[in-house]
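**Student:** Got a structure here, written out as structure tokens. Questions coming.
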Amino acid sequence: MIDRLTACLCLAVAASMFAACGAESSTARAVAPAASSATAPGWTYEVRATPDASELEIAATFSTTATSELSVDPRAESHVHDVEVLAGAEWSAVSPREGSWLIDDCSGGAGCRVRYRFELGSLAAERRSADWAVRIHRTIVTSPSSWLLRPLGIEPGVPYRFRVSGEPEFVSGVGLGRAAGQFETDSSLVSMSPYSAFGEFRRFRIAADGGVVDVAIAAGELPLADRKIVEWLDRSARGLSAYLGRFPVKRVLALVVPSRRGKIHGKQKGGGGSTILMTIGPSAAQADLDNDWRGPHEMVHLAVPSMPYRYRWITEGLATYVEPMARTSRQLRAGGSMEGARGDVAERSAPGRGPGARPNRDLGPHLLGRCVVLARRRRGDP
Ligand SMILES: [Zn+2]
């Protein structure tokens, strides 16, 4: 049956992907160099944030790199400052060159140690997007790839680890490392690093079937009690686990952030870990949680690898198709019948009516969902 085949395919691919898943003065920095030596395998970062997370001081150690060219995500380069490399016993300044920093020592056999400052607050003010950074009340939601200076080019098999210290708490969907507070995954996945956040959080852990959902609710006014939000995420996880046979990833961060307007919105990002980012506005009510499809929809995305934009139709189509089926499988949808689920899929498949849909732009993703439904009907599948 198409749905089970799809689920198995997604699960297999997801398993392979996920389980594998300051101060201005360069002489008065508080950040200590990374603890590991330059010959330790992989890339290691020690990150210290200022109390409002507007600035990060970062010390990095690279054991070996294939290239001497280092940078951060495009459009975040101008927020990197005071890059220095340890040359012998002295720190030596490195000037940027068209958005990159060329450090020959890094591509040598012994590796290199680098330190720099990153202005996260100014990036958030400029980009206003979680794909780089955005400040929402007292929280900065960000993608670590924005501020982790790294050798350009894919280096599969090389681990990277980072640890964040300082006054604001830090949460991340990047895979948990062996040491407390450390996050770790493969360096080839840095550019897809899951959403993370600096701020104050109330934390909960939901045991899903085969995985966990780490819930971090950011400080700020919410119209719903924490318990109701956790129950909603728990329902979403159980519905998906029941449909797929297990939860699709070992761990996901469910980052819940109060927003200034609207009800419930969500997005997801995963590479070497995963995060679903849910924003809840002041007009959200219990009925919105009871009837919500956005939380389950974002969780379905965890079972499907991230795809380049041109192939987004398959990830959105599958999520649009599976989500109501998964909710129905646990009788979680109001009046949950399979026929009703089909109706939901058809509704979401309509151009411009799906999650985050805009007319024309989202035509492809939702047409696929519709095609899957029609294929099922022709086969007579339930
Ligand atoms: Zn989606």
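Quick note on naming: the chains in the structure tokens go A, B, ... in the order shown, residues restart at 1 in each chain, and ligands are numbered from 1 in order of appearance.
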Give the residue list for ligand 1 at 7 Å, counting only C-alpha atoms and all ligand atoms, as a PDB file with N, CA and C atoms, in the first residue's frame, sorted by chain and then by residue number.
**Tutor:**
ATOM      1  N   LYS A 267       7.759  25.739  11.418  1.00  0.00           N
ATOM      2  CA  LYS A 267       8.713  25.403  10.376  1.00  0.00           C
ATOM      3  C   LYS A 267       9.712  24.413  10.968  1.00  0.00           C
ATOM      4  N   HIS A 297       2.262  18.255  11.051  1.00  0.00           N
ATOM      5  CA  HIS A 297       2.852  18.459   9.722  1.00  0.00           C
ATOM      6  C   HIS A 297       4.367  18.636   9.827  1.00  0.00           C
ATOM      7  N   GLU A 298       4.808  19.471  10.758  1.00  0.00           N
ATOM      8  CA  GLU A 298       6.258  19.679  10.897  1.00  0.00           C
ATOM      9  C   GLU A 298       6.947  18.398  11.343  1.00  0.00           C
ATOM     10  N   HIS A 301       7.725  16.060   8.523  1.00  0.00           N
ATOM     11  CA  HIS A 301       8.932  16.456   7.776  1.00  0.00           C
ATOM     12  C   HIS A 301      10.177  15.764   8.324  1.00  0.00           C
ATOM     13  N   GLU A 316       6.849  18.564   0.810  1.00  0.00           N
ATOM     14  CA  GLU A 316       5.574  19.174   1.198  1.00  0.00           C
ATOM     15  C   GLU A 316       4.399  18.266   0.828  1.00  0.00           C
ATOM     16  N   ALA A 319       4.270  15.458   3.421  1.00  0.00           N
ATOM     17  CA  ALA A 319       3.797  15.946   4.724  1.00  0.00           C
ATOM     18  C   ALA A 319       2.315  16.276   4.675  1.00  0.00           C
ATOM     19  N   PRO A 355       0.036  24.538   3.947  1.00  0.00           N
ATOM     20  CA  PRO A 355       0.799  25.200   5.006  1.00  0.00           C
ATOM     21  C   PRO A 355       1.715  26.270   4.445  1.00  0.00           C
TER      22      PRO A 355
END
**Student:** Please provide as JSON, numbers by chain all residues within 9 Å of stretch 165-182 of chain A, with the sequence filter that same-chain residues fewer than 4 positions apart are discarded (counting only C-alpha atoms).
**Tutor:** {"A": [18, 19, 21, 46, 47, 48, 49, 50, 51, 52, 53, 143, 144, 161, 193, 194, 195, 196, 197, 198, 199, 200, 201, 214, 216, 251, 252, 253, 254, 255, 269, 270, 271, 272, 273, 274, 275, 276]}
**Student:** I need the residue nearest A:Leu240 from this list: A:Asp105, A:Asp288, A:Glu221, A:Glu323. Use only C-alpha atoms for the distance.
**Tutor:**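 The answer is A:Glu323, which sits nearest to A:Leu240.
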**Student:** Pick out the closest residue to A:Arg294 from this set: A:Trp43, A:Trp313, A:Trp232, A:Tyr243. Count only C-alpha atoms.
**Tutor:** A:Trp232
**Student:** Measure the distance from atom CA of A:Ser68 to atom CA of A:Tyr116 in Å and round it to one decimal.
**Tutor:**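 Calculated distance between atom CA of A:Ser68 and atom CA of A:Tyr116 is 16.2 Å.
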**Student:** For each of A:Asp209, A:Glu231, A:Asp290, A:Asp104, take the minimum atom-to-atom distance to A:Ala66, counting only C-alpha atoms, then give the residue where this is smallest.
**Tutor:**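 Checking each of A:Asp209, A:Glu231, A:Asp290, A:Asp104 against A:Ala66, counting only C-alpha atoms, the winner is A:Asp104.
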**Student:** Using atom CA of A:Leu277 and atom CA of A:Ser71 as the two end points, give the distance in Å to one decimal.
**Tutor:**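 For atom CA of A:Leu277 relative to atom CA of A:Ser71, the distance reads 25.9 Å.
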**Student:** Counting only C-alpha atoms, what is within 7 Å of A:Leu152, bar same-chain residues fewer than 2 positions away, as a ChimeraX atom specification?
**Tutor:** /A:67,69-71,150,154
